[in-house]
Amino acid sequence: MNGSTAAVFADGLGKRYGSRWALRDCTLEIPAGTVTALVGPNGAGKTTLLHLAVGLSRASAGEVEVFGHSPRADAALVLPRVGFVAQEHPLYRGLTIGETLTLGRRLNPSWDDAVARERIEGLGLSLRQKTGKLSGGEQAQVALTLALAKRPELLVLDEPIASLDPLARREFLQTVMQAVAETGMTVILSSHIVADLERVCDHLVILATGRVQLAGSIDEIVAGHRLLTGPRGDSAAVARVHEVIRESHTDRQTTLFVRANGHVYDSRWQLHEVDLEEIVLAYLGQRNGSHAPQREAVAP
Amino acid sequence: MIEFYLDTRSGVPTYLQLVQQVKQAVRLGILLPGDQLPTVKEVVGTLAINPNTVLKAYRELDHEGLVEGRRGQGTFVSSDLPSLPPDEVKGLRSALQRWIERARAAGLDDDNMAALFADTVRPPGSSRAA
């Protein structure tokens with residue numbers, strides 16, 4: 001059904017808690033080898049999507065595949081290839097780092113103990129330290145070490161940097177990027193902070209109110225959006241050619257945020273380039289979720 | 001060896017900043033023919049950027065003939081890169097210094113001089129009104 005290059009493939013995926021859909025009609029493809037940012041406000045469905053992808057919860061509708069297999073029905077084929085770090089980097093706080101690594105080794109057949117110990121040493125930590133006594137940044141690094149020592153082909157990080165100070169945030173992302181450079185693994189990380197993501201990620205999925213608003217390569221997304229300013233009114237001609245994401249008006253002027261299909265030839269409109277953060281905010285601004293979900297595949 | 005830095009406010013794409021820094025280092029003689037560039041792993045380990053961004057920059061430099069990738073070894077400044085003759089550079093620099101003194105005496109500030117230089121250096125036939 002899906003191309004062999006997809007790390008994660010979702011088709012009409014949905015999750016309902018009672019009468020509320022936490023994720024709805026989610027169709028997307030995350031190509032293998034990419035570093036994908038999953039962006040959206042709190043409650044957008046980011047964690048729900050990640051939990052479905054790593055087999056922690058069961059879909060209410062549609063399906064999700066990881067490397068071509070269902071993470072629940074074919075868990076034995078999927079889970080050994082996936083590393084997951086949950087929000088707040090949970091560890092058994094009463095265990096020492098050494099005991100934590102032993103646990104990781106016993107639970108994971110593909111465990112690389114040398115890598116794990118080397119990384120702990122590189123962090124300047126001792127195996128005898130209790131994980132509960134570590135700083136937030138150190139706990140995040142230990143949780144990341146557990147996930148990386150599994151030698152995963154897909155690393156899933158749920159809000160990995162939100163709770164970290166700027167230095168710990170940088171160190172965490174450096175570690176992840178080094179692992180990507182070494183192994184070529186696919187990474188999906190969710191965040192509501194856009195600033196740090198642009199340098200780290202090459203793909204983007206924007207999620208809001210349980211729906212995918214936009215998905216694709218960041219280069220293409222940035223190249224494909226423009227801000228147009230012009231005399232008030234008269235946006236219909238633009239809307240016939242380009243997809244208007246947001247529009248606002250003053251008594252003299254109209255401002256349009258568009259997903260551009262080719263060039264804007266009308267000289268009445270002034271064109272402005274936009275950066276990733278502006279694009280994310282423009283999509284998140286459509287709070288009613290009326291924007292049709294994208295059903296296109298993401299080009300690698 | 002050089003160390004890259006990032007200006008996140010410049011609006012210049014990350015890969016292009018890396019390209020420009022290598023070019024600048026080569027121009028100024030900080031990087032010499034045969035010198036090795038930092039490995040992808042080293043760059044992402046310091047800057048926390050996507051490895052593909054570094055690869056893209058190195059590919060671009062390779063495409064322009066400025067560097068060459070050697071399989072399994074790394075990326076090196078091209079050994080056949082024409083380097084500027086040092087004596088010539090010295091002469092040009094002192095001529096430029098004399099010109100700068102004259103310009104200052106005439107009341108031009110640094111921005112005026114940079115603008116005049118950029119406008120004069122532009123290839124003939126290109127629009128000067130742009």
# chains A, B, ... in the order shown; residues from 1 in each chain; ligands from 1
call {"tool": "residues_around", "arguments": {"residues": "Asp158 in chain A", "least_positions_apart": "4", "cutoff": "12 Å", "atoms": "only C-alpha atoms", "output": "VMD selection string"}}
result
chain A and resid 36 to 39 45 to 51 53 to 54 83 to 90 140 143 to 144 162 to 163 187 to 192
call {"tool": "interface_residues", "arguments": {"of": "chain B", "to": "chain A", "cutoff": "9 Å", "atoms": "only C-alpha atoms", "output": "list of chain:residue names"}}
result
B:Thr8, B:Gly11, B:Thr14, B:Val40, B:Lys41, B:Glu42, B:Val43, B:Val44, B:Gly45, B:Thr46, B:Leu47, B:Ala48, B:Ile49, B:Asn50, B:Pro51, B:Asn52, B:Thr53
call {"tool": "write_last_selection", "arguments": {"atoms": "N, CA and C atoms", "output": "PDB file, in the first residue's frame"}}
result
ATOM      1  N   THR B   8      21.672  32.998  13.311  1.00  0.00           N
ATOM      2  CA  THR B   8      20.287  32.560  13.132  1.00  0.00           C
ATOM      3  C   THR B   8      19.358  33.710  12.769  1.00  0.00           C
ATOM      4  N   GLY B  11      18.711  35.318   8.299  1.00  0.00           N
ATOM      5  CA  GLY B  11      17.773  34.932   7.255  1.00  0.00           C
ATOM      6  C   GLY B  11      18.442  34.175   6.124  1.00  0.00           C
ATOM      7  N   THR B  14      20.921  28.009   6.350  1.00  0.00           N
ATOM      8  CA  THR B  14      22.060  27.452   7.079  1.00  0.00           C
ATOM      9  C   THR B  14      23.133  26.902   6.142  1.00  0.00           C
ATOM     10  N   VAL B  40      31.067  15.760   8.901  1.00  0.00           N
ATOM     11  CA  VAL B  40      29.646  16.034   9.126  1.00  0.00           C
ATOM     12  C   VAL B  40      29.305  15.834  10.597  1.00  0.00           C
ATOM     13  N   LYS B  41      29.839  14.770  11.172  1.00  0.00           N
ATOM     14  CA  LYS B  41      29.529  14.463  12.574  1.00  0.00           C
ATOM     15  C   LYS B  41      30.051  15.567  13.496  1.00  0.00           C
ATOM     16  N   GLU B  42      31.241  16.083  13.173  1.00  0.00           N
ATOM     17  CA  GLU B  42      31.792  17.164  13.995  1.00  0.00           C
ATOM     18  C   GLU B  42      30.924  18.422  13.902  1.00  0.00           C
ATOM     19  N   VAL B  43      30.492  18.734  12.681  1.00  0.00           N
ATOM     20  CA  VAL B  43      29.699  19.954  12.504  1.00  0.00           C
ATOM     21  C   VAL B  43      28.367  19.846  13.244  1.00  0.00           C
ATOM     22  N   VAL B  44      27.676  18.720  13.082  1.00  0.00           N
ATOM     23  CA  VAL B  44      26.365  18.604  13.744  1.00  0.00           C
ATOM     24  C   VAL B  44      26.541  18.497  15.263  1.00  0.00           C
ATOM     25  N   GLY B  45      27.719  17.988  15.688  1.00  0.00           N
ATOM     26  CA  GLY B  45      27.985  17.885  17.120  1.00  0.00           C
ATOM     27  C   GLY B  45      28.204  19.239  17.765  1.00  0.00           C
ATOM     28  N   THR B  46      28.658  20.224  16.994  1.00  0.00           N
ATOM     29  CA  THR B  46      28.836  21.552  17.579  1.00  0.00           C
ATOM     30  C   THR B  46      27.635  22.450  17.325  1.00  0.00           C
ATOM     31  N   LEU B  47      27.092  22.417  16.107  1.00  0.00           N
ATOM     32  CA  LEU B  47      26.021  23.364  15.769  1.00  0.00           C
ATOM     33  C   LEU B  47      24.617  22.828  16.035  1.00  0.00           C
ATOM     34  N   ALA B  48      24.490  21.520  16.283  1.00  0.00           N
ATOM     35  CA  ALA B  48      23.159  20.912  16.437  1.00  0.00           C
ATOM     36  C   ALA B  48      22.283  21.220  15.232  1.00  0.00           C
ATOM     37  N   ILE B  49      22.809  20.908  14.041  1.00  0.00           N
ATOM     38  CA  ILE B  49      21.999  21.083  12.830  1.00  0.00           C
ATOM     39  C   ILE B  49      21.845  19.732  12.144  1.00  0.00           C
ATOM     40  N   ASN B  50      20.909  19.679  11.214  1.00  0.00           N
ATOM     41  CA  ASN B  50      20.623  18.461  10.475  1.00  0.00           C
ATOM     42  C   ASN B  50      21.833  18.073   9.607  1.00  0.00           C
ATOM     43  N   PRO B  51      22.273  16.796   9.676  1.00  0.00           N
ATOM     44  CA  PRO B  51      23.420  16.375   8.869  1.00  0.00           C
ATOM     45  C   PRO B  51      23.235  16.647   7.369  1.00  0.00           C
ATOM     46  N   ASN B  52      21.990  16.540   6.912  1.00  0.00           N
ATOM     47  CA  ASN B  52      21.735  16.786   5.485  1.00  0.00           C
ATOM     48  C   ASN B  52      22.085  18.211   5.081  1.00  0.00           C
ATOM     49  N   THR B  53      21.971  19.145   6.022  1.00  0.00           N
ATOM     50  CA  THR B  53      22.321  20.539   5.742  1.00  0.00           C
ATOM     51  C   THR B  53      23.820  20.663   5.462  1.00  0.00           C
TER      52      THR B  53
END
call {"tool": "residues_around", "arguments": {"residues": "Asp74 in chain A", "least_positions_apart": "5", "cutoff": "10 Å", "atoms": "only C-alpha atoms", "output": "ChimeraX atom specification"}}
result
/A:55,65-66,68-69,79
call {"tool": "write_last_selection", "arguments": {"atoms": "N, CA and C atoms", "output": "PDB file, in the first residue's frame"}}
result
ATOM      1  N   GLY A  55       2.779   2.128  18.970  1.00  0.00           N
ATOM      2  CA  GLY A  55       1.989   0.989  19.453  1.00  0.00           C
ATOM      3  C   GLY A  55       1.522   1.100  20.888  1.00  0.00           C
ATOM      4  N   GLU A  65       1.177   2.491   9.858  1.00  0.00           N
ATOM      5  CA  GLU A  65       2.222   1.490   9.638  1.00  0.00           C
ATOM      6  C   GLU A  65       3.584   2.112   9.917  1.00  0.00           C
ATOM      7  N   VAL A  66       4.456   1.322  10.519  1.00  0.00           N
ATOM      8  CA  VAL A  66       5.843   1.748  10.727  1.00  0.00           C
ATOM      9  C   VAL A  66       6.722   0.749   9.984  1.00  0.00           C
ATOM     10  N   GLY A  68       6.190  -0.346   7.192  1.00  0.00           N
ATOM     11  CA  GLY A  68       5.315  -1.257   6.464  1.00  0.00           C
ATOM     12  C   GLY A  68       4.530  -2.242   7.320  1.00  0.00           C
ATOM     13  N   HIS A  69       4.659  -2.140   8.647  1.00  0.00           N
ATOM     14  CA  HIS A  69       3.944  -3.071   9.510  1.00  0.00           C
ATOM     15  C   HIS A  69       3.147  -2.324  10.582  1.00  0.00           C
ATOM     16  N   LEU A  79       8.548  -2.943  16.984  1.00  0.00           N
ATOM     17  CA  LEU A  79       9.071  -2.335  18.210  1.00  0.00           C
ATOM     18  C   LEU A  79      10.587  -2.439  18.396  1.00  0.00           C
TER      19      LEU A  79
END
call {"tool": "select_by_dssp", "arguments": {"residues": "range 88-124 of chain A", "states": "helix (DSSP H, G or I)", "output": "MDAnalysis selection string"}}
result
chainID A and resid 97:107 113:122
call {"tool": "write_last_selection", "arguments": {"atoms": "N, CA and C atoms", "output": "CSV table (one decimal), in the first residue's frame"}}
result
chain,number,residue,atom,x,y,z
A,97,ILE,N,22.0,4.8,37.4
A,97,ILE,CA,22.1,4.7,36.0
A,97,ILE,C,22.5,3.3,35.5
A,98,GLY,N,23.5,2.7,36.3
A,98,GLY,CA,23.9,1.4,35.9
A,98,GLY,C,22.8,0.4,35.9
A,99,GLU,N,21.9,0.4,36.9
A,99,GLU,CA,20.8,-0.5,37.0
A,99,GLU,C,19.8,-0.2,35.8
A,100,THR,N,19.7,1.1,35.5
A,100,THR,CA,18.8,1.4,34.3
A,100,THR,C,19.3,0.8,33.0
A,101,LEU,N,20.7,0.9,32.9
A,101,LEU,CA,21.3,0.3,31.6
A,101,LEU,C,21.1,-1.2,31.6
A,102,THR,N,21.2,-1.9,32.8
A,102,THR,CA,21.0,-3.3,32.9
A,102,THR,C,19.6,-3.7,32.5
A,103,LEU,N,18.7,-2.9,32.9
A,103,LEU,CA,17.3,-3.1,32.6
A,103,LEU,C,17.1,-3.0,31.0
A,104,GLY,N,17.7,-1.9,30.5
A,104,GLY,CA,17.7,-1.7,29.0
A,104,GLY,C,18.2,-2.9,28.3
A,105,ARG,N,19.4,-3.4,28.8
A,105,ARG,CA,20.0,-4.5,28.1
A,105,ARG,C,19.2,-5.8,28.1
A,106,ARG,N,18.5,-6.0,29.3
A,106,ARG,CA,17.7,-7.2,29.4
A,106,ARG,C,16.4,-7.2,28.6
A,107,LEU,N,15.9,-5.9,28.4
A,107,LEU,CA,14.7,-5.8,27.7
A,107,LEU,C,14.8,-5.7,26.2
A,113,ASP,N,25.6,-2.2,24.7
A,113,ASP,CA,26.0,-1.8,26.0
A,113,ASP,C,27.2,-0.9,25.9
A,114,ALA,N,28.1,-1.2,25.0
A,114,ALA,CA,29.3,-0.3,24.9
A,114,ALA,C,28.9,1.1,24.6
A,115,VAL,N,28.0,1.3,23.6
A,115,VAL,CA,27.6,2.6,23.2
A,115,VAL,C,26.9,3.3,24.4
A,116,ALA,N,26.1,2.6,25.2
A,116,ALA,CA,25.4,3.2,26.3
A,116,ALA,C,26.4,3.7,27.4
A,117,ARG,N,27.3,2.8,27.7
A,117,ARG,CA,28.3,3.2,28.8
A,117,ARG,C,29.2,4.3,28.3
A,118,GLU,N,29.6,4.3,27.1
A,118,GLU,CA,30.4,5.3,26.5
A,118,GLU,C,29.7,6.7,26.6
A,119,ARG,N,28.4,6.7,26.3
A,119,ARG,CA,27.7,7.9,26.3
A,119,ARG,C,27.5,8.4,27.7
A,120,ILE,N,27.2,7.5,28.6
A,120,ILE,CA,27.1,8.0,30.0
A,120,ILE,C,28.4,8.6,30.5
A,121,GLU,N,29.5,8.0,30.2
A,121,GLU,CA,30.8,8.5,30.5
A,121,GLU,C,31.0,9.8,29.9
A,122,GLY,N,30.7,9.9,28.6
A,122,GLY,CA,30.9,11.2,27.9
A,122,GLY,C,30.1,12.3,28.5
call {"tool": "residues_around", "arguments": {"residues": "Gln21 in chain B", "least_positions_apart": "5", "cutoff": "10 Å", "atoms": "only C-alpha atoms", "output": "list of chain:residue names"}}
result
B:Ile2, B:Glu3, B:Phe4, B:Tyr5, B:Leu6, B:Leu16, B:Val26, B:Arg27
call {"tool": "decode", "arguments": {"residues": "range 42-120 of chain B", "atoms": "C-alpha atoms", "output": "PDB file, in the first residue's frame"}}
result
ATOM      1  CA  GLU B  42      31.792  17.164  13.995  1.00  0.00           C
ATOM      2  CA  VAL B  43      29.699  19.954  12.504  1.00  0.00           C
ATOM      3  CA  VAL B  44      26.365  18.604  13.744  1.00  0.00           C
ATOM      4  CA  GLY B  45      27.985  17.885  17.120  1.00  0.00           C
ATOM      5  CA  THR B  46      28.836  21.552  17.579  1.00  0.00           C
ATOM      6  CA  LEU B  47      26.021  23.364  15.769  1.00  0.00           C
ATOM      7  CA  ALA B  48      23.159  20.912  16.437  1.00  0.00           C
ATOM      8  CA  ILE B  49      21.999  21.083  12.830  1.00  0.00           C
ATOM      9  CA  ASN B  50      20.623  18.461  10.475  1.00  0.00           C
ATOM     10  CA  PRO B  51      23.420  16.375   8.869  1.00  0.00           C
ATOM     11  CA  ASN B  52      21.735  16.786   5.485  1.00  0.00           C
ATOM     12  CA  THR B  53      22.321  20.539   5.742  1.00  0.00           C
ATOM     13  CA  VAL B  54      26.078  19.970   6.051  1.00  0.00           C
ATOM     14  CA  LEU B  55      26.024  17.468   3.196  1.00  0.00           C
ATOM     15  CA  LYS B  56      24.156  19.972   1.045  1.00  0.00           C
ATOM     16  CA  ALA B  57      26.775  22.660   1.745  1.00  0.00           C
ATOM     17  CA  TYR B  58      29.660  20.289   0.971  1.00  0.00           C
ATOM     18  CA  ARG B  59      27.930  19.101  -2.214  1.00  0.00           C
ATOM     19  CA  GLU B  60      27.535  22.710  -3.329  1.00  0.00           C
ATOM     20  CA  LEU B  61      31.232  23.445  -2.641  1.00  0.00           C
ATOM     21  CA  ASP B  62      32.185  20.243  -4.451  1.00  0.00           C
ATOM     22  CA  HIS B  63      30.010  21.255  -7.410  1.00  0.00           C
ATOM     23  CA  GLU B  64      31.818  24.595  -7.583  1.00  0.00           C
ATOM     24  CA  GLY B  65      35.162  22.803  -7.542  1.00  0.00           C
ATOM     25  CA  LEU B  66      36.244  24.363  -4.268  1.00  0.00           C
ATOM     26  CA  VAL B  67      36.449  21.122  -2.315  1.00  0.00           C
ATOM     27  CA  GLU B  68      36.626  17.428  -3.106  1.00  0.00           C
ATOM     28  CA  GLY B  69      35.141  14.540  -1.174  1.00  0.00           C
ATOM     29  CA  ARG B  70      37.483  11.604  -0.708  1.00  0.00           C
ATOM     30  CA  ARG B  71      35.603   8.406  -0.031  1.00  0.00           C
ATOM     31  CA  GLY B  72      36.049   7.207   3.515  1.00  0.00           C
ATOM     32  CA  GLN B  73      38.404  10.065   4.374  1.00  0.00           C
ATOM     33  CA  GLY B  74      36.396  13.265   4.377  1.00  0.00           C
ATOM     34  CA  THR B  75      36.123  16.526   2.488  1.00  0.00           C
ATOM     35  CA  PHE B  76      39.232  18.485   1.494  1.00  0.00           C
ATOM     36  CA  VAL B  77      39.952  21.854  -0.077  1.00  0.00           C
ATOM     37  CA  SER B  78      40.784  21.156  -3.721  1.00  0.00           C
ATOM     38  CA  SER B  79      44.509  20.774  -4.203  1.00  0.00           C
ATOM     39  CA  ASP B  80      44.405  22.324  -7.682  1.00  0.00           C
ATOM     40  CA  LEU B  81      42.712  25.453  -6.422  1.00  0.00           C
ATOM     41  CA  PRO B  82      44.570  28.496  -7.703  1.00  0.00           C
ATOM     42  CA  SER B  83      45.804  30.365  -4.665  1.00  0.00           C
ATOM     43  CA  LEU B  84      46.472  34.082  -4.765  1.00  0.00           C
ATOM     44  CA  PRO B  85      50.134  35.048  -5.144  1.00  0.00           C
ATOM     45  CA  PRO B  86      51.081  36.559  -1.732  1.00  0.00           C
ATOM     46  CA  ASP B  87      53.241  39.390  -3.162  1.00  0.00           C
ATOM     47  CA  GLU B  88      50.452  40.456  -5.474  1.00  0.00           C
ATOM     48  CA  VAL B  89      47.961  40.469  -2.567  1.00  0.00           C
ATOM     49  CA  LYS B  90      50.345  42.607  -0.520  1.00  0.00           C
ATOM     50  CA  GLY B  91      50.676  45.169  -3.302  1.00  0.00           C
ATOM     51  CA  LEU B  92      46.937  45.312  -3.888  1.00  0.00           C
ATOM     52  CA  ARG B  93      46.301  45.750  -0.181  1.00  0.00           C
ATOM     53  CA  SER B  94      48.647  48.718   0.173  1.00  0.00           C
ATOM     54  CA  ALA B  95      47.164  50.331  -2.937  1.00  0.00           C
ATOM     55  CA  LEU B  96      43.745  49.874  -1.388  1.00  0.00           C
ATOM     56  CA  GLN B  97      44.943  51.416   1.877  1.00  0.00           C
ATOM     57  CA  ARG B  98      46.102  54.532  -0.002  1.00  0.00           C
ATOM     58  CA  TRP B  99      42.733  54.700  -1.737  1.00  0.00           C
ATOM     59  CA  ILE B 100      40.910  54.376   1.600  1.00  0.00           C
ATOM     60  CA  GLU B 101      42.925  57.238   3.097  1.00  0.00           C
ATOM     61  CA  ARG B 102      42.016  59.420   0.119  1.00  0.00           C
ATOM     62  CA  ALA B 103      38.348  58.469   0.436  1.00  0.00           C
ATOM     63  CA  ARG B 104      38.329  59.271   4.170  1.00  0.00           C
ATOM     64  CA  ALA B 105      39.958  62.607   3.486  1.00  0.00           C
ATOM     65  CA  ALA B 106      37.193  63.287   0.964  1.00  0.00           C
ATOM     66  CA  GLY B 107      34.608  62.617   3.689  1.00  0.00           C
ATOM     67  CA  LEU B 108      33.431  59.094   2.765  1.00  0.00           C
ATOM     68  CA  ASP B 109      32.567  56.810   5.667  1.00  0.00           C
ATOM     69  CA  ASP B 110      32.890  52.985   5.628  1.00  0.00           C
ATOM     70  CA  ASP B 111      29.391  52.480   4.233  1.00  0.00           C
ATOM     71  CA  ASN B 112      29.993  55.013   1.448  1.00  0.00           C
ATOM     72  CA  MET B 113      33.216  53.258   0.513  1.00  0.00           C
ATOM     73  CA  ALA B 114      31.626  49.786   0.568  1.00  0.00           C
ATOM     74  CA  ALA B 115      28.769  51.049  -1.610  1.00  0.00           C
ATOM     75  CA  LEU B 116      31.153  52.694  -4.075  1.00  0.00           C
ATOM     76  CA  PHE B 117      33.284  49.559  -4.237  1.00  0.00           C
ATOM     77  CA  ALA B 118      30.286  47.260  -4.749  1.00  0.00           C
ATOM     78  CA  ASP B 119      28.899  49.517  -7.455  1.00  0.00           C
ATOM     79  CA  THR B 120      32.242  49.736  -9.272  1.00  0.00           C
TER      80      THR B 120
END
